[in-house]
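Below: the structure, in structure tokens.
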Amino acid sequence: MFRYLIIIIALFTINVGSSQKQNKSQTALQMEKLGFQNIADKDSTIAIRLMYARSDNFTGKVLYTDLHEAYLHPYAMKSLLQAQKLLKKYHPGYRLVVYDASRPMHIQQVMWNTVKGTKKSPYVSNPKNGGGMHNYGLAVDVSILNEKGDSIPMGTKVDYMGSVAHIDKEASLVQQGKITGQAKKNRELLRRVMTEAGFRPLRTEWWHFNRVTRPVAKKYYKPIP
């Protein structure tokens, strides 16, 4: 009887695993095949709100038509998990929210085609030049949620393309009344936990963090097709 029970449990486990695999999109399966890890599987307390799985982004289109999970290269994943721990240490009740992580290069091309020849082009990496760190699974777009699950003020929404999102003149932005002093402090908290975990901030986007430099990514890692 005991042996039959073990067999039934084993068959149930196999069926559940098979079902979960079938429910994953082709893009998600491709990410896993390449060795990328699902953030939600590693830490379910990190919120996932992929902005390119919705149409309210700078392209006005749903770009991730079959992707609703956020994946990262294991090297970046380790640092993101550490950043979450640091945030909880410095401000209990707060947690990270991810708006974008690994991004296939063909999606990057769609983004580039949208801004090519416009004032927004400096904010999007050209695939012909190797793309950006998202295309290697080594960058993450992230912010902070409070105890109620609401985004804390950062001065602009994620994906805002303009000088108010830059991090190098935040004191001036406060003086000009373009962002509040609290938004500046919130950005600084985000940068603190991310940089202490090993990420590098991007000057033009308060929400964007790279785990390695572009030369390192091109030399040692492969982009996602």
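A note on labels: chains of the structure tokens are A, B, ... as shown, every chain counts residues from 1, and ligands are counted from 1 in their shown order.
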Please tabulate, as a tab-separated table, the residues of region 85-189 of chain A that come within 10 Å of region 76-80 of chain A, each with its closest pair of atoms and the distance in Å to one decimal, counting only C-alpha atoms and ordering rows by chain, then residue number upward.
```
residue	atom	partner	partner_atom	distance
A:Lys85	CA	A:Leu80	CA	8.8
A:Leu86	CA	A:Leu80	CA	9.8
A:Leu96	CA	A:Leu80	CA	9.1
A:Val98	CA	A:Leu80	CA	9.9
A:Ala101	CA	A:Ala76	CA	9.7
A:Gly137	CA	A:Ala76	CA	7.4
A:Leu138	CA	A:Ala76	CA	5.4
A:Ala139	CA	A:Ala76	CA	7.2
A:Val140	CA	A:Ala76	CA	8.4
A:Val142	CA	A:Leu80	CA	9.8
```
List the spatial neighbours of Leu87 (chain A) as a PyMOL selection string - criterion: any atom at most 9 Å away, only C-alpha atoms, same-chain residues fewer than 2 positions off excluded. chain A and resi 82-85+89-96+144+189-190+192-194
Would you put the residues from that selection into a file with all heavy atoms, as a compact mmCIF listing (two decimals), in the first residue's frame?
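Saved as again_30.txt:
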```txt
# COMPACT_ATOMS: atom_id res chain seq x y z
N GLN A 82 19.70 40.10 -3.12
CA GLN A 82 20.40 40.80 -2.05
C GLN A 82 19.84 42.20 -1.85
O GLN A 82 19.70 42.66 -0.71
CB GLN A 82 21.91 40.88 -2.37
CG GLN A 82 22.74 41.62 -1.35
CD GLN A 82 22.73 40.96 0.03
OE1 GLN A 82 22.39 39.78 0.14
NE2 GLN A 82 23.10 41.70 1.05
N ALA A 83 19.51 42.87 -2.95
CA ALA A 83 18.93 44.22 -2.86
C ALA A 83 17.60 44.19 -2.12
O ALA A 83 17.30 45.09 -1.32
CB ALA A 83 18.74 44.80 -4.26
N GLN A 84 16.80 43.17 -2.37
CA GLN A 84 15.52 43.03 -1.66
C GLN A 84 15.75 42.87 -0.15
O GLN A 84 15.04 43.47 0.67
CB GLN A 84 14.74 41.85 -2.22
CG GLN A 84 13.44 41.53 -1.50
CD GLN A 84 12.29 42.42 -1.88
OE1 GLN A 84 12.47 43.58 -2.25
NE2 GLN A 84 11.08 41.88 -1.80
N LYS A 85 16.73 42.08 0.22
CA LYS A 85 17.05 41.88 1.64
C LYS A 85 17.51 43.18 2.28
O LYS A 85 17.14 43.50 3.42
CB LYS A 85 18.13 40.81 1.78
CG LYS A 85 17.68 39.40 1.43
CD LYS A 85 18.81 38.40 1.58
CE LYS A 85 18.36 36.99 1.20
NZ LYS A 85 19.48 36.01 1.30
N LYS A 89 15.82 45.45 5.27
CA LYS A 89 16.63 45.79 6.44
C LYS A 89 16.54 47.28 6.75
O LYS A 89 16.36 47.68 7.91
CB LYS A 89 18.08 45.38 6.19
CG LYS A 89 19.04 45.81 7.28
CD LYS A 89 20.48 45.44 6.90
CE LYS A 89 21.47 45.97 7.94
NZ LYS A 89 22.89 45.65 7.56
N TYR A 90 16.70 48.11 5.72
CA TYR A 90 16.71 49.56 5.91
C TYR A 90 15.32 50.15 6.10
O TYR A 90 15.15 51.17 6.76
CB TYR A 90 17.39 50.24 4.72
CG TYR A 90 18.85 49.84 4.54
CD1 TYR A 90 19.38 49.67 3.27
CD2 TYR A 90 19.68 49.63 5.63
CE1 TYR A 90 20.71 49.32 3.09
CE2 TYR A 90 21.01 49.27 5.47
CZ TYR A 90 21.52 49.12 4.19
OH TYR A 90 22.83 48.76 4.03
N HIS A 91 14.32 49.50 5.46
CA HIS A 91 12.96 50.04 5.56
C HIS A 91 11.97 48.88 5.55
O HIS A 91 11.37 48.57 4.52
CB HIS A 91 12.68 50.99 4.39
CG HIS A 91 11.63 52.01 4.70
ND1 HIS A 91 10.34 51.67 5.10
CD2 HIS A 91 11.66 53.37 4.69
CE1 HIS A 91 9.65 52.76 5.29
NE2 HIS A 91 10.42 53.80 5.07
N PRO A 92 11.76 48.26 6.71
CA PRO A 92 10.81 47.14 6.80
C PRO A 92 9.43 47.55 6.28
O PRO A 92 8.95 48.63 6.57
CB PRO A 92 10.77 46.84 8.30
CG PRO A 92 12.09 47.32 8.81
CD PRO A 92 12.40 48.54 8.00
N GLY A 93 8.82 46.69 5.52
CA GLY A 93 7.51 47.00 4.95
C GLY A 93 7.61 47.37 3.48
O GLY A 93 6.64 47.20 2.74
N TYR A 94 8.76 47.87 3.06
CA TYR A 94 8.97 48.19 1.65
C TYR A 94 9.42 46.93 0.91
O TYR A 94 9.99 46.01 1.50
CB TYR A 94 10.05 49.25 1.49
CG TYR A 94 9.57 50.67 1.67
CD1 TYR A 94 8.32 50.97 2.21
CD2 TYR A 94 10.38 51.75 1.30
CE1 TYR A 94 7.89 52.27 2.39
CE2 TYR A 94 9.96 53.06 1.47
CZ TYR A 94 8.71 53.31 2.01
OH TYR A 94 8.29 54.60 2.18
N ARG A 95 9.18 46.91 -0.39
CA ARG A 95 9.68 45.81 -1.22
C ARG A 95 9.90 46.32 -2.64
O ARG A 95 9.33 47.34 -3.06
CB ARG A 95 8.71 44.63 -1.23
CG ARG A 95 7.33 44.94 -1.75
CD ARG A 95 6.44 43.71 -1.69
NE ARG A 95 5.08 43.98 -2.11
CZ ARG A 95 4.38 43.18 -2.90
NH1 ARG A 95 4.93 42.07 -3.37
NH2 ARG A 95 3.14 43.47 -3.22
N LEU A 96 10.72 45.62 -3.38
CA LEU A 96 11.03 45.99 -4.77
C LEU A 96 9.90 45.58 -5.70
O LEU A 96 9.20 44.60 -5.45
CB LEU A 96 12.33 45.33 -5.22
CG LEU A 96 13.61 45.74 -4.49
CD1 LEU A 96 14.79 44.91 -4.98
CD2 LEU A 96 13.90 47.23 -4.68
N ILE A 144 10.11 50.89 -5.89
CA ILE A 144 9.78 50.44 -4.54
C ILE A 144 8.28 50.57 -4.28
O ILE A 144 7.66 51.57 -4.65
CB ILE A 144 10.55 51.26 -3.49
CG1 ILE A 144 12.07 51.05 -3.65
CG2 ILE A 144 10.12 50.89 -2.08
CD1 ILE A 144 12.91 51.95 -2.76
N LEU A 189 17.32 55.99 -1.72
CA LEU A 189 17.15 54.70 -1.05
C LEU A 189 17.23 53.56 -2.06
O LEU A 189 17.91 52.55 -1.80
CB LEU A 189 15.80 54.66 -0.34
CG LEU A 189 15.40 53.32 0.29
CD1 LEU A 189 16.41 52.90 1.36
CD2 LEU A 189 13.99 53.39 0.86
N LEU A 190 16.57 53.72 -3.19
CA LEU A 190 16.61 52.70 -4.23
C LEU A 190 18.04 52.48 -4.71
O LEU A 190 18.50 51.34 -4.83
CB LEU A 190 15.71 53.09 -5.40
CG LEU A 190 15.68 52.12 -6.59
CD1 LEU A 190 15.14 50.77 -6.16
CD2 LEU A 190 14.85 52.70 -7.73
N ARG A 192 20.75 53.12 -3.13
CA ARG A 192 21.58 52.56 -2.06
C ARG A 192 21.50 51.05 -2.04
O ARG A 192 22.53 50.35 -2.03
CB ARG A 192 21.14 53.12 -0.69
CG ARG A 192 21.95 52.56 0.46
CD ARG A 192 21.46 53.07 1.81
NE ARG A 192 22.27 52.52 2.90
CZ ARG A 192 22.03 52.72 4.19
NH1 ARG A 192 20.98 53.45 4.56
NH2 ARG A 192 22.82 52.17 5.11
N VAL A 193 20.27 50.51 -2.03
CA VAL A 193 20.14 49.06 -1.93
C VAL A 193 20.63 48.37 -3.21
O VAL A 193 21.23 47.29 -3.14
CB VAL A 193 18.70 48.63 -1.61
CG1 VAL A 193 18.25 49.24 -0.28
CG2 VAL A 193 17.72 49.01 -2.72
N MET A 194 20.41 49.00 -4.34
CA MET A 194 20.83 48.37 -5.61
C MET A 194 22.35 48.40 -5.78
O MET A 194 22.95 47.40 -6.19
CB MET A 194 20.14 49.06 -6.78
CG MET A 194 18.63 48.87 -6.82
SD MET A 194 18.11 47.14 -7.00
CE MET A 194 18.46 46.87 -8.75
```
From a DSSP pass on the backbone, collect the residues of region 80-141 of chain A flagged as alpha helix (DSSP H) and hand them back as an NGL selection string. :A and (80-90 or 105-115)
Write out as an NGL selection string which residues come within 10 Å of region 220-222 of chain A when counting only C-alpha atoms, dropping same-chain ones fewer than 6 positions away. :A and (34 or 73 or 130 or 135-138)
Using only C-alpha atoms, which protein or nucleic acid residues come within 10 Å of Met51 (chain A)? Drop anything in the same chain fewer than 2 positions from it, and give the result as a compact mmCIF listing (two decimals) with C-alpha atoms, in the first residue's frame.
```txt
# COMPACT_ATOMS: atom_id res chain seq x y z
CA ILE A 48 6.40 41.86 -10.94
CA ARG A 49 4.62 44.44 -13.10
CA ALA A 53 3.33 43.41 -21.23
CA ARG A 54 0.93 46.39 -21.24
CA SER A 55 0.30 49.13 -23.76
CA ASP A 56 0.91 52.05 -21.37
CA ASN A 57 4.61 52.33 -22.20
CA PHE A 58 6.51 54.69 -24.48
CA VAL A 62 2.03 45.49 -25.96
CA LEU A 63 5.53 44.20 -26.73
CA TYR A 64 5.59 41.12 -24.53
CA HIS A 68 4.37 37.75 -18.14
CA VAL A 98 10.29 44.93 -11.22
CA TYR A 99 9.00 46.61 -14.38
CA ASP A 100 11.39 44.96 -16.83
CA ASP A 141 14.03 48.29 -14.21
CA VAL A 158 8.98 54.50 -14.87
CA ASP A 159 9.76 54.76 -18.61
```
Exercise: Asp168 (chain A) partners within 10 Å, only C-alpha atoms, chain neighbours under 4 positions left out, as a PDB file with C-alpha atoms, in the first residue's frame:
```pdb
ATOM      1  CA  SER A 163      15.749  65.197 -17.875  1.00  0.00           C
ATOM      2  CA  VAL A 164      13.471  64.933 -14.819  1.00  0.00           C
ATOM      3  CA  SER A 172      18.614  71.082  -8.873  1.00  0.00           C
ATOM      4  CA  LEU A 173      15.356  69.354  -9.811  1.00  0.00           C
ATOM      5  CA  LEU A 202      22.057  54.573 -15.218  1.00  0.00           C
ATOM      6  CA  ARG A 203      22.460  58.351 -15.281  1.00  0.00           C
ATOM      7  CA  THR A 204      19.378  59.036 -17.389  1.00  0.00           C
ATOM      8  CA  GLU A 205      16.883  56.642 -15.772  1.00  0.00           C
ATOM      9  CA  TRP A 206      16.438  56.481 -11.993  1.00  0.00           C
TER      10      TRP A 206
END
```
Sel. of strand (DSSP E or B) residues, region 26-83 of chain A, as a VMD selection string: chain A and resid 37 to 38 47 to 48 71 to 72
Output file for the selection above: all heavy atoms, as a PDB file, in the first residue's frame:
```pdb
ATOM      1  N   GLN A  37      16.725  32.831 -14.916  1.00  0.00           N
ATOM      2  CA  GLN A  37      15.903  32.419 -13.775  1.00  0.00           C
ATOM      3  C   GLN A  37      14.696  33.337 -13.595  1.00  0.00           C
ATOM      4  O   GLN A  37      14.789  34.551 -13.799  1.00  0.00           O
ATOM      5  CB  GLN A  37      16.747  32.425 -12.502  1.00  0.00           C
ATOM      6  CG  GLN A  37      17.925  31.462 -12.556  1.00  0.00           C
ATOM      7  CD  GLN A  37      18.835  31.588 -11.346  1.00  0.00           C
ATOM      8  OE1 GLN A  37      18.922  32.636 -10.720  1.00  0.00           O
ATOM      9  NE2 GLN A  37      19.518  30.495 -11.010  1.00  0.00           N
ATOM     10  N   ASN A  38      13.578  32.746 -13.207  1.00  0.00           N
ATOM     11  CA  ASN A  38      12.340  33.483 -12.966  1.00  0.00           C
ATOM     12  C   ASN A  38      12.417  34.147 -11.586  1.00  0.00           C
ATOM     13  O   ASN A  38      12.579  33.465 -10.579  1.00  0.00           O
ATOM     14  CB  ASN A  38      11.160  32.513 -13.030  1.00  0.00           C
ATOM     15  CG  ASN A  38       9.815  33.205 -12.937  1.00  0.00           C
ATOM     16  OD1 ASN A  38       9.707  34.335 -12.479  1.00  0.00           O
ATOM     17  ND2 ASN A  38       8.783  32.515 -13.379  1.00  0.00           N
ATOM     18  N   ALA A  47       7.632  42.157  -6.273  1.00  0.00           N
ATOM     19  CA  ALA A  47       6.478  42.322  -7.155  1.00  0.00           C
ATOM     20  C   ALA A  47       6.929  42.391  -8.614  1.00  0.00           C
ATOM     21  O   ALA A  47       7.995  42.926  -8.929  1.00  0.00           O
ATOM     22  CB  ALA A  47       5.711  43.588  -6.792  1.00  0.00           C
ATOM     23  N   ILE A  48       6.117  41.850  -9.508  1.00  0.00           N
ATOM     24  CA  ILE A  48       6.405  41.857 -10.942  1.00  0.00           C
ATOM     25  C   ILE A  48       5.276  42.578 -11.668  1.00  0.00           C
ATOM     26  O   ILE A  48       4.120  42.153 -11.604  1.00  0.00           O
ATOM     27  CB  ILE A  48       6.538  40.428 -11.511  1.00  0.00           C
ATOM     28  CG1 ILE A  48       7.555  39.608 -10.688  1.00  0.00           C
ATOM     29  CG2 ILE A  48       6.915  40.480 -12.985  1.00  0.00           C
ATOM     30  CD1 ILE A  48       8.960  40.155 -10.712  1.00  0.00           C
ATOM     31  N   TYR A  71      12.556  37.429 -16.031  1.00  0.00           N
ATOM     32  CA  TYR A  71      13.726  36.558 -15.929  1.00  0.00           C
ATOM     33  C   TYR A  71      15.010  37.381 -15.851  1.00  0.00           C
ATOM     34  O   TYR A  71      15.081  38.488 -16.403  1.00  0.00           O
ATOM     35  CB  TYR A  71      13.810  35.636 -17.147  1.00  0.00           C
ATOM     36  CG  TYR A  71      12.807  34.506 -17.133  1.00  0.00           C
ATOM     37  CD1 TYR A  71      11.512  34.692 -17.609  1.00  0.00           C
ATOM     38  CD2 TYR A  71      13.149  33.248 -16.625  1.00  0.00           C
ATOM     39  CE1 TYR A  71      10.591  33.655 -17.588  1.00  0.00           C
ATOM     40  CE2 TYR A  71      12.233  32.209 -16.604  1.00  0.00           C
ATOM     41  CZ  TYR A  71      10.960  32.419 -17.084  1.00  0.00           C
ATOM     42  OH  TYR A  71      10.041  31.393 -17.062  1.00  0.00           O
ATOM     43  N   LEU A  72      16.016  36.820 -15.196  1.00  0.00           N
ATOM     44  CA  LEU A  72      17.333  37.439 -15.119  1.00  0.00           C
ATOM     45  C   LEU A  72      18.420  36.385 -15.246  1.00  0.00           C
ATOM     46  O   LEU A  72      18.203  35.207 -14.939  1.00  0.00           O
ATOM     47  CB  LEU A  72      17.523  38.166 -13.782  1.00  0.00           C
ATOM     48  CG  LEU A  72      16.883  39.549 -13.607  1.00  0.00           C
ATOM     49  CD1 LEU A  72      17.130  40.043 -12.186  1.00  0.00           C
ATOM     50  CD2 LEU A  72      17.427  40.548 -14.621  1.00  0.00           C
TER      51      LEU A  72
END
```
Determine, counting only C-alpha atoms, which protein, DNA and RNA residues have an atom within 12 Å of an atom of Met111 (chain A); residues of the same chain fewer than 3 positions away are not included. Present the result as a PyMOL selection string. chain A and resi 52+57-64+103-108+114-116+120-127+131-132
Atoms kept (N, CA, C and O atoms) for selection, written as a compact mmCIF listing (two decimals), in the first residue's frame:
```
# COMPACT_ATOMS: atom_id res chain seq x y z
N TYR A 52 6.11 46.31 -20.38
CA TYR A 52 6.01 46.03 -21.81
C TYR A 52 5.04 44.89 -22.11
O TYR A 52 4.88 44.49 -23.26
N ASN A 57 3.17 52.07 -22.21
CA ASN A 57 4.61 52.33 -22.20
C ASN A 57 4.93 53.29 -23.34
O ASN A 57 4.03 53.70 -24.07
N PHE A 58 6.17 53.64 -23.52
CA PHE A 58 6.51 54.69 -24.48
C PHE A 58 6.20 54.32 -25.93
O PHE A 58 6.07 55.19 -26.79
N THR A 59 6.06 53.03 -26.22
CA THR A 59 5.73 52.62 -27.59
C THR A 59 4.24 52.65 -27.86
O THR A 59 3.81 52.69 -29.01
N GLY A 60 3.45 52.59 -26.78
CA GLY A 60 2.00 52.54 -26.92
C GLY A 60 1.50 51.18 -27.38
O GLY A 60 0.34 51.03 -27.77
N LYS A 61 2.38 50.16 -27.31
CA LYS A 61 2.03 48.82 -27.77
C LYS A 61 2.35 47.78 -26.71
O LYS A 61 3.21 47.99 -25.84
N VAL A 62 1.66 46.65 -26.78
CA VAL A 62 2.03 45.49 -25.96
C VAL A 62 3.17 44.79 -26.69
O VAL A 62 2.99 44.25 -27.78
N LEU A 63 4.35 44.81 -26.10
CA LEU A 63 5.53 44.20 -26.73
C LEU A 63 5.75 42.76 -26.28
O LEU A 63 6.19 41.92 -27.07
N TYR A 64 5.46 42.48 -25.03
CA TYR A 64 5.59 41.12 -24.53
C TYR A 64 4.24 40.42 -24.67
O TYR A 64 3.48 40.29 -23.70
N ARG A 103 15.23 40.98 -21.77
CA ARG A 103 14.46 41.44 -22.94
C ARG A 103 15.07 40.88 -24.23
O ARG A 103 16.24 41.15 -24.53
N PRO A 104 14.31 40.11 -25.00
CA PRO A 104 14.83 39.58 -26.27
C PRO A 104 15.25 40.70 -27.22
O PRO A 104 14.65 41.79 -27.22
N MET A 105 16.24 40.43 -28.03
CA MET A 105 16.76 41.44 -28.95
C MET A 105 15.74 41.86 -30.00
O MET A 105 15.73 43.01 -30.44
N HIS A 106 14.84 40.96 -30.39
CA HIS A 106 13.85 41.34 -31.40
C HIS A 106 12.85 42.34 -30.84
O HIS A 106 12.30 43.16 -31.58
N ILE A 107 12.65 42.32 -29.52
CA ILE A 107 11.81 43.34 -28.88
C ILE A 107 12.57 44.66 -28.83
O ILE A 107 11.99 45.74 -29.02
N GLN A 108 13.86 44.58 -28.58
CA GLN A 108 14.71 45.78 -28.58
C GLN A 108 14.65 46.48 -29.93
O GLN A 108 14.64 47.71 -30.01
N THR A 114 10.83 52.51 -32.93
CA THR A 114 9.86 53.50 -32.45
C THR A 114 10.48 54.86 -32.22
O THR A 114 9.86 55.89 -32.48
N VAL A 115 11.73 54.89 -31.74
CA VAL A 115 12.37 56.16 -31.38
C VAL A 115 13.42 56.63 -32.37
O VAL A 115 13.91 57.76 -32.27
N LYS A 116 13.78 55.79 -33.32
CA LYS A 116 14.84 56.13 -34.28
C LYS A 116 14.55 57.45 -34.97
O LYS A 116 13.47 57.67 -35.50
N LYS A 120 13.95 60.99 -28.55
CA LYS A 120 13.95 59.91 -27.56
C LYS A 120 14.98 58.83 -27.85
O LYS A 120 15.19 57.93 -27.04
N SER A 121 15.63 58.90 -28.99
CA SER A 121 16.57 57.85 -29.39
C SER A 121 17.72 57.63 -28.41
O SER A 121 18.18 56.48 -28.26
N PRO A 122 18.22 58.69 -27.71
CA PRO A 122 19.32 58.44 -26.76
C PRO A 122 18.92 57.53 -25.59
O PRO A 122 19.79 56.99 -24.89
N TYR A 123 17.61 57.34 -25.39
CA TYR A 123 17.16 56.55 -24.26
C TYR A 123 16.98 55.07 -24.60
O TYR A 123 16.66 54.27 -23.71
N VAL A 124 17.19 54.70 -25.85
CA VAL A 124 16.99 53.32 -26.27
C VAL A 124 18.25 52.82 -26.98
O VAL A 124 18.76 53.47 -27.89
N SER A 125 18.74 51.67 -26.57
CA SER A 125 19.95 51.10 -27.16
C SER A 125 19.67 50.54 -28.55
O SER A 125 18.67 49.85 -28.76
N ASN A 126 20.57 50.82 -29.47
CA ASN A 126 20.44 50.34 -30.84
C ASN A 126 20.92 48.89 -30.94
O ASN A 126 22.06 48.59 -30.57
N PRO A 127 20.08 47.98 -31.41
CA PRO A 127 20.49 46.57 -31.53
C PRO A 127 21.73 46.39 -32.38
O PRO A 127 22.52 45.46 -32.14
N GLY A 131 22.82 46.28 -28.54
CA GLY A 131 21.71 46.41 -27.60
C GLY A 131 22.15 46.90 -26.24
O GLY A 131 23.22 47.49 -26.07
N GLY A 132 21.32 46.67 -25.24
CA GLY A 132 21.63 47.09 -23.87
C GLY A 132 21.70 45.90 -22.94
O GLY A 132 21.58 44.75 -23.35
```
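Between CA of Leu81 (chain A) and CA of Gly155 (chain A) lies a distance of 25.2 Å.
Remark: for Lys128 (chain A), the closest of the candidate residues A:Gly198, A:Gln109, A:Ala183, A:Ser143 is A:Gln109 (distances computed over only C-alpha atoms).
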Top pick for closest residue to Pro153 (chain A), considering A:Val174, A:Ala70, A:Ile179, A:Ile167 and counting only C-alpha atoms: A:Ile179
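Reported to one decimal place, the separation of CA of Arg214 (chain A) from CA of Phe36 (chain A) is 18.6 Å.
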